[in-house]
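Written below as structure tokens is the structure these notes are about.
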Amino acid sequence: MMKSEKINAYVATLAVWNVKLHNIHWNVEGHLFKGIHEYTESLYDRAAEQYDETAEILKMRGEMPVATVAESLQASVIEELPSRVFSCCEAVAVVQADMEKVAKLAREIRDAAAEADDFLVQGTFEGYLAGFAKDLWFLRAMRSDAHAGEACDAKAEEKTAGAKRCCRKKA
């Protein structure tokens with residue numbers, strides 16, 4: 001059986017990500033609002049399911065999952081964001097950056113589980129990774145209309161013109 005520290009970090013990360021996705025879901029603005037609003041809702045619904053499922057893996061082993069906001073913020077591989085307005089471009093970029101970190105942690109857990117012949121954790125995290133692969137493809141596709149030389153990144157708000165152009169609908 002593998003050690004629980006990384007699994008607990010995953011539980012903590014999902015707790016932080018769930019709140020962060022709600023923040024983006026409620027506060028995204030722009031012409032792609034509806035699509036991003038609905039997409040982030042689907043992501044936080046899935047994150048909540050994984051949160052419960054992963055915490056229950058720890059409980060089945062007689063271990064204690066992190067269960068407070070303070071513990072979650074301390075153990076998470078992503079950080080929270082203050083409540084504010086997010087451009088469509090910035091919202092997509094933040095979600096992608098966080099998902100890459102969450103997927104990296106999930107991959108580390110899956111690999112350690114495979115090495116320890118922990119098939120419950122390995123199989124569970126294989127499923128998570130399959131979902132992340134598809135969602136990361138979606139996110140890259142959503143950002144593909146960025147103008148050449150103007151990357152749609154999490155700092156796009158600092159470049160107002162870039163933020164407005166990087167997620168424009170194609171005509």
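Within each chain, counting starts at residue 1; across the structure tokens, chains are named A, B, ... in the order shown, with ligands numbered 1 upward in that order.
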
Q.
So that I can check the surroundings of A:Ala15, please list as a VMD selection string every protein, DNA and RNA residue that reaches within 7 Å of it, counting only C-alpha atoms and ignoring chain neighbours fewer than 4 positions away.
A. chain A and resid 11 19 51 72

Might you pull out every residue within 8 Å of A:Leu136, with only C-alpha atoms counted and same-chain residues fewer than 5 positions away left off, and present them as a PDB file with C-alpha atoms, in the first residue's frame?
ATOM      1  CA  GLN A  96      -5.699  24.960 -17.714  1.00  0.00           C
ATOM      2  CA  MET A  99      -5.589  21.275 -14.279  1.00  0.00           C
ATOM      3  CA  GLU A 100      -2.028  20.586 -15.429  1.00  0.00           C
TER       4      GLU A 100
END

Q.
Rounded to one decimal, what separation in Å do you get between atom CA of A:Phe138 and atom CA of A:Leu120?
A. 27.9 Å

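Between atom CA of A:Ala67 and atom CA of A:Ala55 the separation is 9.0 Å.
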
Q: Skip A:Leu58 itself and residues of its chain fewer than 4 positions away, then list as a PyMOL selection string all residues within 8 Å of it, counting only C-alpha atoms.
A: chain A and resi 4+7-8+54+62-65

Serialized selection, N, CA and C atoms, as a short mmCIF file (atom, residue, chain, number, x, y, z; two decimals), in the first residue's frame:
data_model
loop_
_atom_site.label_atom_id
_atom_site.label_comp_id
_atom_site.auth_asym_id
_atom_site.auth_seq_id
_atom_site.Cartn_x
_atom_site.Cartn_y
_atom_site.Cartn_z
N SER A 4 0.02 7.85 2.28
CA SER A 4 -1.18 8.67 2.08
C SER A 4 -0.90 10.16 1.90
N ILE A 7 -1.93 11.35 -1.52
CA ILE A 7 -3.38 11.22 -1.69
C ILE A 7 -4.08 12.33 -0.91
N ASN A 8 -3.59 12.63 0.27
CA ASN A 8 -4.15 13.73 1.05
C ASN A 8 -3.91 15.07 0.35
N THR A 54 -11.82 10.12 -3.34
CA THR A 54 -10.42 10.02 -2.90
C THR A 54 -10.33 10.04 -1.38
N GLY A 62 -8.21 3.39 6.99
CA GLY A 62 -8.10 3.79 8.39
C GLY A 62 -7.34 5.08 8.58
N GLU A 63 -7.25 5.88 7.53
CA GLU A 63 -6.50 7.14 7.60
C GLU A 63 -7.46 8.32 7.54
N MET A 64 -6.95 9.48 7.95
CA MET A 64 -7.78 10.67 8.05
C MET A 64 -7.48 11.62 6.87
N PRO A 65 -8.48 11.87 6.02
CA PRO A 65 -8.29 12.86 4.95
C PRO A 65 -8.32 14.27 5.53
#

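Within 10 Å of stretch 128-134 of chain A there are Arg46, Ala47, Gln50, Gln96, Met99, Glu100, Val102, Ala103, Lys104, Leu105, Ala106, Arg107, Arg110, Gln122, Gly123, Thr124, Phe125, Trp137, Phe138 and Leu139 of chain A, counting only C-alpha atoms and ignoring same-chain residues fewer than 3 positions away.
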
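Comparing A:Asn23, A:Glu56, A:His31, A:Ser144 by their smallest distance to A:Leu81, the closest is A:Asn23 (using only C-alpha atoms).
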
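For the atom pair formed by atom CA of A:Ile24 and atom CA of A:Ala91, the distance is 6.3 Å, given to one decimal.
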
Q | DSSP helix (DSSP H, G or I) residues within chain A, listed as a ChimeraX atom specification | A | /A:5-27,33-60,69-75,88-115,119-142,156-158,160-165

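Proximity to A:Val77 at 9 Å, evaluated using only C-alpha atoms and with sequence-adjacent residues fewer than 6 positions away removed, yields Ala9, Tyr10, Ala12, Thr13, Asp98, Lys101, Val102 and Leu105 of chain A.
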
Q. So which residues touch A:His25 within 8 Å, counting only C-alpha atoms, skipping near sequence neighbours fewer than 4 positions away, as a ChimeraX atom specification?
A. /A:21,36-38,40-41

Keeping only N, CA and C atoms, write those residues as a PDB file, in the first residue's frame.
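Contents of out-v1.pdb, as written:
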ATOM      1  N   LEU A  21     -12.770  27.072  -8.838  1.00  0.00           N
ATOM      2  CA  LEU A  21     -13.621  26.914 -10.021  1.00  0.00           C
ATOM      3  C   LEU A  21     -14.958  27.634  -9.841  1.00  0.00           C
ATOM      4  N   ILE A  36     -18.021  29.113 -20.808  1.00  0.00           N
ATOM      5  CA  ILE A  36     -17.058  28.949 -19.719  1.00  0.00           C
ATOM      6  C   ILE A  36     -17.794  28.720 -18.393  1.00  0.00           C
ATOM      7  N   HIS A  37     -18.903  29.415 -18.203  1.00  0.00           N
ATOM      8  CA  HIS A  37     -19.729  29.240 -17.006  1.00  0.00           C
ATOM      9  C   HIS A  37     -20.200  27.781 -16.897  1.00  0.00           C
ATOM     10  N   GLU A  38     -20.708  27.236 -17.983  1.00  0.00           N
ATOM     11  CA  GLU A  38     -21.188  25.850 -17.976  1.00  0.00           C
ATOM     12  C   GLU A  38     -20.037  24.853 -17.850  1.00  0.00           C
ATOM     13  N   THR A  40     -17.020  25.325 -16.402  1.00  0.00           N
ATOM     14  CA  THR A  40     -16.464  25.309 -15.049  1.00  0.00           C
ATOM     15  C   THR A  40     -17.412  24.607 -14.080  1.00  0.00           C
ATOM     16  N   GLU A  41     -18.722  24.703 -14.320  1.00  0.00           N
ATOM     17  CA  GLU A  41     -19.672  23.978 -13.482  1.00  0.00           C
ATOM     18  C   GLU A  41     -19.464  22.468 -13.617  1.00  0.00           C
TER      19      GLU A  41
END

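For A:Asn27, the residues within 10 Å (counting only C-alpha atoms, excluding itself and residues fewer than 6 positions away along the chain) are Leu21, Phe33, His37, Ser83, Arg84, Val85, Phe86, Ser87, Cys88 and Ala91 of chain A.
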